[in-house]
file final12.pdb (PDB, C-alpha atoms)
ATOM      1  CA  MET A   1     -22.892  15.934 -39.939
ATOM      2  CA  ARG A   2     -21.291  12.851 -38.570
ATOM      3  CA  GLY A   3     -18.096  14.736 -37.801
ATOM      4  CA  MET A   4     -19.937  17.341 -35.806
ATOM      5  CA  SER A   5     -21.843  14.866 -33.696
ATOM      6  CA  ASN A   6     -18.579  13.038 -33.039
ATOM      7  CA  THR A   7     -17.044  16.239 -31.827
ATOM      8  CA  LEU A   8     -19.935  16.778 -29.468
ATOM      9  CA  GLU A   9     -19.872  13.249 -28.150
ATOM     10  CA  GLN A  10     -16.133  13.025 -27.775
ATOM     11  CA  LEU A  11     -14.138  14.154 -24.831
ATOM     12  CA  ARG A  12     -10.511  15.114 -25.323
ATOM     13  CA  LEU A  13      -8.155  14.686 -22.421
ATOM     14  CA  THR A  14      -4.584  13.782 -21.595
ATOM     15  CA  VAL A  15      -3.608  10.503 -19.957
ATOM     16  CA  ASN A  16       0.008  10.083 -18.879
ATOM     17  CA  GLY A  17       0.977  12.859 -21.226
ATOM     18  CA  GLU A  18      -0.734  11.323 -24.250
ATOM     19  CA  PRO A  19      -3.844  12.795 -25.899
ATOM     20  CA  MET A  20      -6.895  10.555 -25.724
ATOM     21  CA  SER A  21     -10.495  10.732 -26.957
ATOM     22  CA  LEU A  22     -13.290   9.196 -24.924
ATOM     23  CA  VAL A  23     -17.049   9.075 -25.143
ATOM     24  CA  ARG A  24     -18.578  11.878 -23.135
ATOM     25  CA  GLY A  25     -19.824  10.645 -19.773
ATOM     26  CA  THR A  26     -16.993   8.162 -19.308
ATOM     27  CA  THR A  27     -16.134   7.712 -15.653
ATOM     28  CA  LEU A  28     -12.650   7.204 -14.311
ATOM     29  CA  ALA A  29     -13.591   3.611 -13.460
ATOM     30  CA  GLY A  30     -14.723   3.216 -17.071
ATOM     31  CA  LEU A  31     -11.427   4.517 -18.401
ATOM     32  CA  ILE A  32      -9.403   2.242 -16.112
ATOM     33  CA  ALA A  33     -11.457  -0.756 -17.245
ATOM     34  CA  LYS A  34     -11.032   0.275 -20.900
ATOM     35  CA  LEU A  35      -7.280   0.443 -20.349
ATOM     36  CA  GLY A  36      -7.349  -3.055 -18.873
ATOM     37  CA  LEU A  37      -5.856  -1.934 -15.562
ATOM     38  CA  ASP A  38      -6.545  -3.273 -12.077
ATOM     39  CA  THR A  39      -7.819  -0.429  -9.902
ATOM     40  CA  ARG A  40      -6.196  -2.006  -6.858
ATOM     41  CA  LYS A  41      -2.744  -1.633  -8.408
ATOM     42  CA  VAL A  42      -2.845   1.948  -9.646
ATOM     43  CA  ALA A  43      -3.270   5.454  -8.314
ATOM     44  CA  VAL A  44      -4.691   8.383 -10.229
ATOM     45  CA  GLU A  45      -4.010  12.075 -10.138
ATOM     46  CA  ARG A  46      -6.472  14.330 -11.955
ATOM     47  CA  ASN A  47      -5.405  17.907 -12.622
ATOM     48  CA  LEU A  48      -2.784  17.596  -9.878
ATOM     49  CA  GLU A  49      -5.269  16.285  -7.282
ATOM     50  CA  ILE A  50      -5.249  12.711  -5.987
ATOM     51  CA  VAL A  51      -8.461  10.871  -6.801
ATOM     52  CA  PRO A  52      -9.495   8.570  -3.932
ATOM     53  CA  ARG A  53     -10.008   5.037  -5.240
ATOM     54  CA  SER A  54     -13.468   4.897  -3.678
ATOM     55  CA  THR A  55     -14.661   7.658  -6.043
ATOM     56  CA  TYR A  56     -13.521   6.223  -9.396
ATOM     57  CA  ALA A  57     -17.009   5.003 -10.301
ATOM     58  CA  GLN A  58     -18.630   8.358  -9.612
ATOM     59  CA  LEU A  59     -16.023  10.563 -11.221
ATOM     60  CA  VAL A  60     -17.162  11.650 -14.694
ATOM     61  CA  LEU A  61     -14.201  12.810 -16.750
ATOM     62  CA  GLU A  62     -14.270  16.294 -18.232
ATOM     63  CA  GLU A  63     -12.895  18.006 -21.306
ATOM     64  CA  ALA A  64      -9.157  18.792 -21.018
ATOM     65  CA  ASP A  65      -8.656  16.738 -17.873
ATOM     66  CA  ALA A  66      -5.020  15.824 -17.320
ATOM     67  CA  LEU A  67      -4.701  12.384 -15.723
ATOM     68  CA  GLU A  68      -1.667  10.626 -14.355
ATOM     69  CA  ILE A  69      -2.136   6.903 -13.789
ATOM     70  CA  VAL A  70       0.781   5.370 -11.918
ATOM     71  CA  HIS A  71       1.816   2.100 -10.371
ATOM     72  CA  PHE A  72       4.762   0.644  -8.500
ATOM     73  CA  ILE A  73       7.774  -0.563 -10.425
ATOM     74  CA  GLY A  74      11.213  -1.774  -9.403
ATOM     75  CA  GLY A  75      13.352   0.911  -7.780
ATOM     76  CA  GLY A  76      16.087   1.377  -5.224
TER      77      GLY A  76
ATOM     78  CA  MET B   1      14.456 -19.344   9.298
ATOM     79  CA  ASP B   2      17.014 -18.834  12.019
ATOM     80  CA  GLY B   3      14.493 -17.486  14.457
ATOM     81  CA  ALA B   4      16.844 -18.016  17.358
ATOM     82  CA  ILE B   5      19.093 -15.278  16.033
ATOM     83  CA  HIS B   6      16.318 -12.900  15.145
ATOM     84  CA  SER B   7      13.710 -13.277  17.815
ATOM     85  CA  ASP B   8      15.546 -11.253  20.411
ATOM     86  CA  ASP B   9      16.963  -8.750  18.004
ATOM     87  CA  ALA B  10      14.263  -7.088  15.956
ATOM     88  CA  TRP B  11      14.390  -3.411  15.057
ATOM     89  CA  THR B  12      11.564  -0.942  14.864
ATOM     90  CA  VAL B  13      10.900   1.950  12.544
ATOM     91  CA  ALA B  14       7.815   4.150  12.847
ATOM     92  CA  GLY B  15       6.244   1.578  15.144
ATOM     93  CA  ARG B  16       6.720  -1.309  12.703
ATOM     94  CA  ARG B  17       8.833  -4.219  13.859
ATOM     95  CA  PHE B  18      11.168  -6.077  11.532
ATOM     96  CA  ALA B  19      13.276  -9.145  12.200
ATOM     97  CA  SER B  20      15.392  -8.760   9.071
ATOM     98  CA  ARG B  21      17.899  -5.918   9.082
ATOM     99  CA  LEU B  22      18.279  -5.969   5.337
ATOM    100  CA  ILE B  23      16.122  -3.787   3.085
ATOM    101  CA  VAL B  24      16.302  -4.656  -0.593
ATOM    102  CA  GLY B  25      15.717  -2.430  -3.594
ATOM    103  CA  THR B  26      13.684  -3.832  -6.476
ATOM    104  CA  GLY B  27      15.369  -1.907  -9.303
ATOM    105  CA  LYS B  28      17.851  -3.012 -11.973
ATOM    106  CA  TYR B  29      17.056  -6.752 -12.021
ATOM    107  CA  LYS B  30      16.983  -8.416 -15.417
ATOM    108  CA  ASP B  31      13.375  -9.485 -14.947
ATOM    109  CA  LEU B  32      10.635  -9.797 -12.355
ATOM    110  CA  PRO B  33      11.091 -13.528 -11.618
ATOM    111  CA  THR B  34      14.731 -12.817 -10.703
ATOM    112  CA  THR B  35      13.600  -9.879  -8.560
ATOM    113  CA  ALA B  36      11.194 -12.151  -6.701
ATOM    114  CA  ALA B  37      13.731 -14.949  -6.232
ATOM    115  CA  ALA B  38      16.448 -12.618  -4.940
ATOM    116  CA  ILE B  39      14.095 -10.898  -2.528
ATOM    117  CA  GLU B  40      12.930 -14.243  -1.214
ATOM    118  CA  ALA B  41      16.544 -15.378  -0.741
ATOM    119  CA  SER B  42      17.499 -12.162   1.052
ATOM    120  CA  GLY B  43      15.059 -12.811   3.883
ATOM    121  CA  THR B  44      14.045  -9.157   3.750
ATOM    122  CA  GLU B  45      10.696  -7.868   4.958
ATOM    123  CA  MET B  46      10.866  -4.426   3.365
ATOM    124  CA  VAL B  47      11.514  -3.491  -0.260
ATOM    125  CA  THR B  48      11.926  -0.141  -1.936
ATOM    126  CA  VAL B  49       9.819   0.583  -5.011
ATOM    127  CA  ALA B  50       9.473   3.451  -7.481
ATOM    128  CA  VAL B  51       6.293   5.152  -8.659
ATOM    129  CA  ARG B  52       5.917   5.561 -12.412
ATOM    130  CA  ARG B  53       3.315   6.079 -15.101
ATOM    131  CA  VAL B  54       1.522   2.941 -16.232
ATOM    132  CA  ASN B  55       2.665   2.024 -19.738
ATOM    133  CA  LEU B  56      -0.504   2.519 -21.778
ATOM    134  CA  SER B  57       0.942   0.930 -24.902
ATOM    135  CA  ASP B  58       1.786  -2.372 -23.196
ATOM    136  CA  ARG B  59      -1.145  -3.040 -20.905
ATOM    137  CA  ASN B  60      -0.331  -6.673 -20.355
ATOM    138  CA  ALA B  61       3.164  -5.982 -19.057
ATOM    139  CA  PRO B  62       3.721  -7.895 -15.813
ATOM    140  CA  MET B  63       3.497  -5.823 -12.637
ATOM    141  CA  LEU B  64       5.894  -5.827  -9.718
ATOM    142  CA  GLN B  65       3.041  -6.526  -7.307
ATOM    143  CA  ASP B  66       2.351  -9.822  -9.055
ATOM    144  CA  TYR B  67       5.868 -10.986  -8.169
ATOM    145  CA  VAL B  68       6.628  -9.168  -4.924
ATOM    146  CA  SER B  69       3.451  -9.184  -2.887
ATOM    147  CA  PRO B  70       2.745  -6.021  -0.884
ATOM    148  CA  SER B  71       0.882  -8.167   1.625
ATOM    149  CA  ARG B  72       4.086 -10.071   2.357
ATOM    150  CA  TYR B  73       6.676  -7.297   2.049
ATOM    151  CA  THR B  74       6.387  -3.755   3.346
ATOM    152  CA  TYR B  75       6.610  -1.519   0.290
ATOM    153  CA  LEU B  76       8.768   1.539   0.811
ATOM    154  CA  PRO B  77       7.953   3.877  -2.088
ATOM    155  CA  ASN B  78      10.808   6.176  -3.055
ATOM    156  CA  THR B  79      11.082   9.558  -4.700
ATOM    157  CA  ALA B  80      13.732   8.571  -7.237
ATOM    158  CA  GLY B  81      13.700  11.004 -10.122
ATOM    159  CA  CYS B  82      12.281  13.877  -8.054
ATOM    160  CA  PHE B  83      14.429  16.973  -7.885
ATOM    161  CA  THR B  84      12.182  19.280  -5.878
ATOM    162  CA  ALA B  85      10.055  19.105  -2.743
ATOM    163  CA  ASP B  86       6.903  19.555  -4.835
ATOM    164  CA  GLU B  87       7.728  16.606  -7.071
ATOM    165  CA  ALA B  88       8.530  14.415  -4.072
ATOM    166  CA  VAL B  89       5.262  15.261  -2.326
ATOM    167  CA  ARG B  90       3.256  14.726  -5.512
ATOM    168  CA  THR B  91       4.895  11.354  -6.169
ATOM    169  CA  LEU B  92       4.429  10.059  -2.643
ATOM    170  CA  ARG B  93       0.816  11.190  -2.429
ATOM    171  CA  LEU B  94       0.208   8.950  -5.432
ATOM    172  CA  ALA B  95       2.143   6.158  -3.754
ATOM    173  CA  ARG B  96       0.046   6.553  -0.628
ATOM    174  CA  GLU B  97      -3.142   6.259  -2.658
ATOM    175  CA  ALA B  98      -1.803   3.278  -4.631
ATOM    176  CA  GLY B  99      -0.615   1.391  -1.598
ATOM    177  CA  GLY B 100      -2.160   2.953   1.432
ATOM    178  CA  TRP B 101       1.152   3.328   3.244
ATOM    179  CA  ASN B 102       2.560   6.403   4.958
ATOM    180  CA  LEU B 103       6.068   4.992   5.324
ATOM    181  CA  VAL B 104       8.214   6.333   2.490
ATOM    182  CA  LYS B 105      11.798   6.764   1.388
ATOM    183  CA  LEU B 106      12.727  10.314   0.522
ATOM    184  CA  GLU B 107      15.644  10.810  -1.811
ATOM    185  CA  VAL B 108      16.388  14.021  -3.667
ATOM    186  CA  LEU B 109      19.529  13.604  -5.707
ATOM    187  CA  GLY B 110      21.922  15.909  -7.458
ATOM    188  CA  PRO B 111      22.988  15.259 -11.052
ATOM    189  CA  PRO B 112      25.393  12.569 -12.264
ATOM    190  CA  PRO B 113      28.159  11.617 -11.856
ATOM    191  CA  THR B 114      27.742  11.892  -8.075
ATOM    192  CA  LEU B 115      23.949  11.537  -7.630
ATOM    193  CA  TYR B 116      24.871  12.842  -4.194
ATOM    194  CA  PRO B 117      21.941  13.732  -1.921
ATOM    195  CA  ASP B 118      20.865  17.341  -2.491
ATOM    196  CA  MET B 119      20.523  18.204   1.169
ATOM    197  CA  ALA B 120      18.960  21.648   0.741
ATOM    198  CA  ALA B 121      16.177  20.128  -1.362
ATOM    199  CA  THR B 122      15.986  17.045   0.879
ATOM    200  CA  LEU B 123      15.361  19.173   3.982
ATOM    201  CA  LEU B 124      12.593  21.110   2.233
ATOM    202  CA  ALA B 125      10.974  17.928   0.928
ATOM    203  CA  ALA B 126      11.208  16.215   4.325
ATOM    204  CA  GLU B 127       9.435  19.143   5.955
ATOM    205  CA  ALA B 128       6.657  19.117   3.342
ATOM    206  CA  LEU B 129       6.166  15.347   3.582
ATOM    207  CA  ILE B 130       6.083  15.254   7.376
ATOM    208  CA  LYS B 131       3.543  18.090   7.331
ATOM    209  CA  ASP B 132       1.469  15.994   4.932
ATOM    210  CA  GLY B 133       1.426  13.047   7.349
ATOM    211  CA  PHE B 134       4.149  10.865   5.868
ATOM    212  CA  GLU B 135       6.610   8.828   7.889
ATOM    213  CA  VAL B 136       9.868   9.647   6.215
ATOM    214  CA  MET B 137      12.952   7.456   5.991
ATOM    215  CA  VAL B 138      15.454   9.811   4.466
ATOM    216  CA  TYR B 139      18.432   9.193   2.225
ATOM    217  CA  CYS B 140      21.064  11.752   3.117
ATOM    218  CA  SER B 141      24.696  12.742   3.033
ATOM    219  CA  ASP B 142      27.045  11.444   5.725
ATOM    220  CA  ASP B 143      26.758  14.790   7.512
ATOM    221  CA  PRO B 144      26.023  14.457  11.249
ATOM    222  CA  ILE B 145      24.590  17.982  11.454
ATOM    223  CA  ALA B 146      22.172  17.473   8.565
ATOM    224  CA  ALA B 147      21.288  14.024   9.927
ATOM    225  CA  LYS B 148      20.444  15.510  13.331
ATOM    226  CA  ARG B 149      18.347  18.225  11.733
ATOM    227  CA  LEU B 150      16.374  15.624   9.759
ATOM    228  CA  GLU B 151      15.776  13.648  12.938
ATOM    229  CA  GLU B 152      14.628  16.759  14.806
ATOM    230  CA  MET B 153      12.210  17.558  11.978
ATOM    231  CA  GLY B 154      10.593  14.177  12.577
ATOM    232  CA  CYS B 155      12.153  11.805  10.056
ATOM    233  CA  VAL B 156      11.675   8.235  11.292
ATOM    234  CA  ALA B 157      14.981   6.881   9.975
ATOM    235  CA  ILE B 158      18.230   8.457   8.813
ATOM    236  CA  MET B 159      19.865   6.776   5.830
ATOM    237  CA  PRO B 160      23.295   8.169   4.960
ATOM    238  CA  LEU B 161      25.136   6.907   1.934
ATOM    239  CA  GLY B 162      28.161   4.681   2.412
ATOM    240  CA  ALA B 163      29.374   5.570  -1.080
ATOM    241  CA  PRO B 164      27.742   6.876  -4.273
ATOM    242  CA  ILE B 165      24.650   4.963  -5.455
ATOM    243  CA  GLY B 166      25.571   1.893  -7.449
ATOM    244  CA  SER B 167      29.323   2.422  -6.928
ATOM    245  CA  GLY B 168      29.847  -0.712  -4.861
ATOM    246  CA  LEU B 169      32.693   0.993  -2.998
ATOM    247  CA  GLY B 170      31.499   0.141   0.498
ATOM    248  CA  VAL B 171      31.435   2.495   3.478
ATOM    249  CA  GLN B 172      33.889   5.275   2.571
ATOM    250  CA  ASN B 173      33.439   7.362   5.675
ATOM    251  CA  PRO B 174      32.992   5.070   8.673
ATOM    252  CA  LEU B 175      33.891   7.820  11.127
ATOM    253  CA  MET B 176      30.996  10.016  10.040
ATOM    254  CA  ILE B 177      28.574   7.093   9.858
ATOM    255  CA  ARG B 178      29.519   6.175  13.426
ATOM    256  CA  MET B 179      29.056   9.761  14.582
ATOM    257  CA  ILE B 180      25.603   9.857  13.009
ATOM    258  CA  ILE B 181      24.702   6.587  14.756
ATOM    259  CA  GLU B 182      25.971   7.797  18.128
ATOM    260  CA  ASN B 183      23.936  11.000  17.858
ATOM    261  CA  ALA B 184      20.693   9.470  16.605
ATOM    262  CA  LYS B 185      17.653   8.310  18.545
ATOM    263  CA  VAL B 186      15.976   6.959  15.412
ATOM    264  CA  PRO B 187      17.260   4.048  13.297
ATOM    265  CA  VAL B 188      20.283   4.726  11.096
ATOM    266  CA  LEU B 189      20.740   2.728   7.911
ATOM    267  CA  VAL B 190      23.520   2.764   5.359
ATOM    268  CA  ASP B 191      21.630   3.240   2.138
ATOM    269  CA  ALA B 192      24.034   3.276  -0.788
ATOM    270  CA  GLY B 193      27.407   2.025  -1.847
ATOM    271  CA  VAL B 194      27.336  -1.553  -0.610
ATOM    272  CA  GLY B 195      29.204  -3.692  -3.154
ATOM    273  CA  THR B 196      29.436  -7.088  -1.542
ATOM    274  CA  ALA B 197      28.547  -8.938   1.639
ATOM    275  CA  TYR B 198      31.593  -7.622   3.468
ATOM    276  CA  ASP B 199      30.411  -4.031   3.035
ATOM    277  CA  ALA B 200      27.060  -4.877   4.617
ATOM    278  CA  THR B 201      28.834  -6.633   7.479
ATOM    279  CA  PHE B 202      31.083  -3.624   7.991
ATOM    280  CA  ALA B 203      28.124  -1.227   8.066
ATOM    281  CA  MET B 204      26.369  -3.393  10.641
ATOM    282  CA  GLU B 205      29.531  -3.654  12.753
ATOM    283  CA  LEU B 206      29.569   0.138  12.897
ATOM    284  CA  GLY B 207      26.213  -0.114  14.668
ATOM    285  CA  CYS B 208      23.747   0.580  11.873
ATOM    286  CA  ASP B 209      20.226  -0.647  12.566
ATOM    287  CA  ALA B 210      19.892  -1.999   9.027
ATOM    288  CA  VAL B 211      21.359  -1.789   5.550
ATOM    289  CA  LEU B 212      19.639  -1.037   2.257
ATOM    290  CA  VAL B 213      21.015  -2.843  -0.789
ATOM    291  CA  ASN B 214      19.920  -2.797  -4.400
ATOM    292  CA  SER B 215      22.612  -2.709  -7.105
ATOM    293  CA  ALA B 216      24.968  -5.113  -5.343
ATOM    294  CA  ILE B 217      22.304  -7.811  -5.460
ATOM    295  CA  ALA B 218      20.519  -6.920  -8.692
ATOM    296  CA  MET B 219      23.684  -6.528 -10.766
ATOM    297  CA  ALA B 220      25.619  -9.483  -9.328
ATOM    298  CA  ASP B 221      26.283 -12.371 -11.703
ATOM    299  CA  ASP B 222      23.958 -14.452  -9.557
ATOM    300  CA  PRO B 223      21.530 -12.134  -7.746
ATOM    301  CA  VAL B 224      19.931 -14.930  -5.722
ATOM    302  CA  LEU B 225      23.273 -16.112  -4.393
ATOM    303  CA  MET B 226      24.309 -12.540  -3.601
ATOM    304  CA  ALA B 227      21.012 -11.983  -1.806
ATOM    305  CA  ARG B 228      21.851 -14.939   0.436
ATOM    306  CA  ALA B 229      25.346 -13.531   0.957
ATOM    307  CA  MET B 230      23.912 -10.149   1.971
ATOM    308  CA  LYS B 231      21.525 -11.825   4.414
ATOM    309  CA  ALA B 232      24.425 -13.679   6.011
ATOM    310  CA  GLY B 233      26.637 -10.571   5.904
ATOM    311  CA  VAL B 234      24.090  -8.395   7.652
ATOM    312  CA  GLU B 235      23.495 -11.040  10.311
ATOM    313  CA  ALA B 236      27.230 -11.540  10.866
ATOM    314  CA  GLY B 237      27.800  -7.797  11.229
ATOM    315  CA  ARG B 238      24.919  -7.406  13.618
ATOM    316  CA  LEU B 239      26.043 -10.320  15.779
ATOM    317  CA  ALA B 240      29.610  -9.022  15.821
ATOM    318  CA  TYR B 241      28.399  -5.573  16.831
ATOM    319  CA  ARG B 242      26.355  -7.022  19.660
ATOM    320  CA  ALA B 243      29.178  -9.353  20.710
ATOM    321  CA  GLY B 244      31.611  -6.448  21.066
ATOM    322  CA  ARG B 245      34.819  -6.745  19.135
ATOM    323  CA  ILE B 246      38.257  -6.879  20.766
ATOM    324  CA  PRO B 247      40.238  -3.665  20.794
ATOM    325  CA  ARG B 248      42.769  -3.155  18.032
ATOM    326  CA  ARG B 249      46.347  -3.261  19.340
ATOM    327  CA  ASP B 250      49.712  -2.735  17.808
ATOM    328  CA  ALA B 251      51.379  -5.807  19.302
ATOM    329  CA  ALA B 252      50.793  -9.536  19.266
ATOM    330  CA  SER B 253      49.089 -11.266  22.157
ATOM    331  CA  ALA B 254      49.550 -15.031  22.286
ATOM    332  CA  SER B 255      46.387 -17.100  22.051
ATOM    333  CA  SER B 256      47.846 -20.040  24.002
ATOM    334  CA  PRO B 257      48.973 -19.797  27.625
ATOM    335  CA  MET B 258      52.708 -19.370  28.109
ATOM    336  CA  THR B 259      52.576 -21.257  31.408
ATOM    337  CA  GLY B 260      52.696 -25.016  31.938
ATOM    338  CA  LEU B 261      55.029 -25.611  29.021
ATOM    339  CA  ILE B 262      56.933 -28.910  29.105
ATOM    340  CA  ARG B 263      60.617 -28.624  29.805
TER     341      ARG B 263
END
call {"tool": "encode", "arguments": {"input": "final12.pdb", "output": "structure tokens"}}
result
Amino acid sequence: MRGMSNTLEQLRLTVNGEPMSLVRGTTLAGLIAKLGLDTRKVAVERNLEIVPRSTYAQLVLEEADALEIVHFIGGG
Amino acid sequence: MDGAIHSDDAWTVAGRRFASRLIVGTGKYKDLPTTAAAIEASGTEMVTVAVRRVNLSDRNAPMLQDYVSPSRYTYLPNTAGCFTADEAVRTLRLAREAGGWNLVKLEVLGPPPTLYPDMAATLLAAEALIKDGFEVMVYCSDDPIAAKRLEEMGCVAIMPLGAPIGSGLGVQNPLMIRMIIENAKVPVLVDAGVGTAYDATFAMELGCDAVLVNSAIAMADDPVLMARAMKAGVEAGRLAYRAGRIPRRDAASASSPMTGLIR
């Protein structure tokens, strides 16, 4: 039954085009910390909507969310 | 810093005042330390940057912001890689959230080998961005009619190309650049095609408010030295423009008096 409980506890979503599994209840702030990123240096779009930085800690990720996490790189 | 030159000759875009008339792109450098050193040497106060996905497989990769501080340099996020108005708006909304700035560089390009500004798409994107509260500095063709239309829509700076991006050919159409300058009430910058310091000088002598350079610095054998050259070139061109050059004439005119000669 382990597999089944895993399925229930896991959340499947897409981050920068790549599939990812997270524990249900993970917040956006939690994901960013898990990824080792500095919230002050990134911006996040969730299902085509900008997520204000001030709400990362409250935002609980949902099944099938599509996230884009971007930052600034060199460009002309 | 040669404050004496700059202090009386700043330029303003969207209410922000800049002493340096050189904007530097941060792309194409061999590494971030070189980027930082060249930008420092250029004396610039504004740098263009791109917005891209964070690389999830290399989380410890150094970040541009660690080398080029956004608290020291005004970041001008661009829309490189966007081919539609929707993509440009989406990209710059992310940039605004990441950085908190409304001042952006819009560029919507056609395909290689020209990468020429796609003006139909650029006009649509400019309209959408302005409606969304952005202050748009727009890369555009050297078309005085399109440039005027962009200004009337509310773009805060008009940035025609001097030559194709990365070509290093210098200002190919000085007549049209000058016409755009004469017709504009907002700053006009030559944004692409500068190859060496002379090209930047030439653009400034035409009366541009500033010049944007990336490839010519980043791809030079010594980017830091070229950054210094561009700084000097821009300043020379600006001073020459302000000084007012002598008219061109088709005959010689002696520099020494012809009177008082010994006999």
call {"tool": "atom_distance", "arguments": {"input": "final12.pdb", "atom1": "atom CA of B:Arg90", "atom2": "atom CA of B:Gly25"}}
result
21.3 Å
call {"tool": "residues_around", "arguments": {"input": "final12.pdb", "residues": "B:Ala121", "least_positions_apart": "4", "cutoff": "9 Å", "atoms": "only C-alpha atoms", "output": "list in words"}}
result
Phe83, Thr84, Ala85, Val108, Leu109, Pro117, Ala125 and Ala126 of chain B
call {"tool": "closest_atom_pairs", "arguments": {"input": "final12.pdb", "of": "chain A", "to": "chain B", "cutoff": "9 Å", "atoms": "all atoms listed in the file", "output": "tab-separated table"}}
result
residue	atom	partner	partner_atom	distance
A:Val15	CA	B:Leu56	CA	8.8
A:Asn16	CA	B:Arg53	CA	6.4
A:Leu35	CA	B:Arg59	CA	7.1
A:Gly36	CA	B:Arg59	CA	6.5
A:Leu37	CA	B:Arg59	CA	7.2
A:Thr39	CA	B:Ala98	CA	8.8
A:Arg40	CA	B:Ala98	CA	7.2
A:Lys41	CA	B:Ala98	CA	6.3
A:Val42	CA	B:Ala98	CA	5.3
A:Ala43	CA	B:Ala98	CA	4.5
A:Val44	CA	B:Leu94	CA	6.9
A:Glu45	CA	B:Leu94	CA	7.1
A:Leu48	CA	B:Arg90	CA	8.0
A:Glu49	CA	B:Arg90	CA	8.8
A:Ile50	CA	B:Leu94	CA	6.7
A:Val51	CA	B:Glu97	CA	8.2
A:Pro52	CA	B:Glu97	CA	6.9
A:Arg53	CA	B:Glu97	CA	7.4
A:Glu68	CA	B:Arg53	CA	6.8
A:Ile69	CA	B:Arg53	CA	5.7
A:Val70	CA	B:Arg53	CA	4.1
A:His71	CA	B:Val51	CA	5.7
A:Phe72	CA	B:Val51	CA	4.8
A:Ile73	CA	B:Ala50	CA	5.3
A:Gly74	CA	B:Gly27	CA	4.2
A:Gly75	CA	B:Gly27	CA	3.8
A:Gly76	CA	B:Gly25	CA	4.2
call {"tool": "closest_residue", "arguments": {"input": "final12.pdb", "among": "A:Asn47, A:Glu9, A:Gln58, A:Ala64", "to": "A:Thr27", "atoms": "all atoms listed in the file"}}
result
A:Gln58
call {"tool": "atom_distance", "arguments": {"input": "final12.pdb", "atom1": "atom CA of A:Thr14", "atom2": "atom CA of A:Leu31"}}
result
12.0 Å
call {"tool": "residues_around", "arguments": {"input": "final12.pdb", "residues": "stretch 230-243 of chain B", "least_positions_apart": "5", "cutoff": "10 Å", "atoms": "all atoms listed in the file", "output": "CSV table (one decimal) with C-alpha atoms, in the coordinates of the input"}}
result
chain,number,residue,atom,x,y,z
B,5,ILE,CA,19.1,-15.3,16.0
B,6,HIS,CA,16.3,-12.9,15.1
B,9,ASP,CA,17.0,-8.8,18.0
B,20,SER,CA,15.4,-8.8,9.1
B,21,ARG,CA,17.9,-5.9,9.1
B,22,LEU,CA,18.3,-6.0,5.3
B,23,ILE,CA,16.1,-3.8,3.1
B,24,VAL,CA,16.3,-4.7,-0.6
B,41,ALA,CA,16.5,-15.4,-0.7
B,42,SER,CA,17.5,-12.2,1.1
B,43,GLY,CA,15.1,-12.8,3.9
B,44,THR,CA,14.0,-9.2,3.8
B,194,VAL,CA,27.3,-1.6,-0.6
B,195,GLY,CA,29.2,-3.7,-3.2
B,196,THR,CA,29.4,-7.1,-1.5
B,197,ALA,CA,28.5,-8.9,1.6
B,198,TYR,CA,31.6,-7.6,3.5
B,199,ASP,CA,30.4,-4.0,3.0
B,200,ALA,CA,27.1,-4.9,4.6
B,201,THR,CA,28.8,-6.6,7.5
B,202,PHE,CA,31.1,-3.6,8.0
B,203,ALA,CA,28.1,-1.2,8.1
B,204,MET,CA,26.4,-3.4,10.6
B,205,GLU,CA,29.5,-3.7,12.8
B,206,LEU,CA,29.6,0.1,12.9
B,207,GLY,CA,26.2,-0.1,14.7
B,208,CYS,CA,23.7,0.6,11.9
B,209,ASP,CA,20.2,-0.6,12.6
B,210,ALA,CA,19.9,-2.0,9.0
B,211,VAL,CA,21.4,-1.8,5.6
B,213,VAL,CA,21.0,-2.8,-0.8
B,216,ALA,CA,25.0,-5.1,-5.3
B,217,ILE,CA,22.3,-7.8,-5.5
B,224,VAL,CA,19.9,-14.9,-5.7
B,225,LEU,CA,23.3,-16.1,-4.4
call {"tool": "residues_around", "arguments": {"input": "final12.pdb", "residues": "A:Gly30", "least_positions_apart": "4", "cutoff": "8 Å", "atoms": "only C-alpha atoms", "output": "PyMOL selection string"}}
result
chain A and resi 26+34+57
call {"tool": "resolve_selection", "arguments": {"input": "final12.pdb", "expression": "the PyMOL selection byres ((chain B and resi 124) around 12)", "output": "ChimeraX atom specification"}}
result
/B:83-89,106-108,118-123,125-131,138,149-150,153
call {"tool": "atom_distance", "arguments": {"input": "final12.pdb", "atom1": "atom CA of B:Pro187", "atom2": "atom CA of B:Ala14"}}
result
9.5 Å
call {"tool": "axis_aligned_box", "arguments": {"input": "final12.pdb", "around": "stretch 10-21 of chain A", "padding_each_side": "8 Å", "output": "JSON"}}
result
{"center_x": -7.6, "center_y": 12.6, "center_z": -23.3, "size_x": 33.1, "size_y": 21.0, "size_z": 24.9}
call {"tool": "residues_near_point", "arguments": {"input": "final12.pdb", "point": "(28.8, 14.1, 11.0)", "cutoff": "8 Å", "atoms": "only C-alpha atoms", "output": "MDAnalysis selection string"}}
result
chainID B and resid 142:147 176:177 179:180
call {"tool": "residues_around", "arguments": {"input": "final12.pdb", "residues": "B:Glu152", "least_positions_apart": "6", "cutoff": "10 Å", "atoms": "all atoms listed in the file", "output": "MDAnalysis selection string"}}
result
chainID B and resid 146 184:186
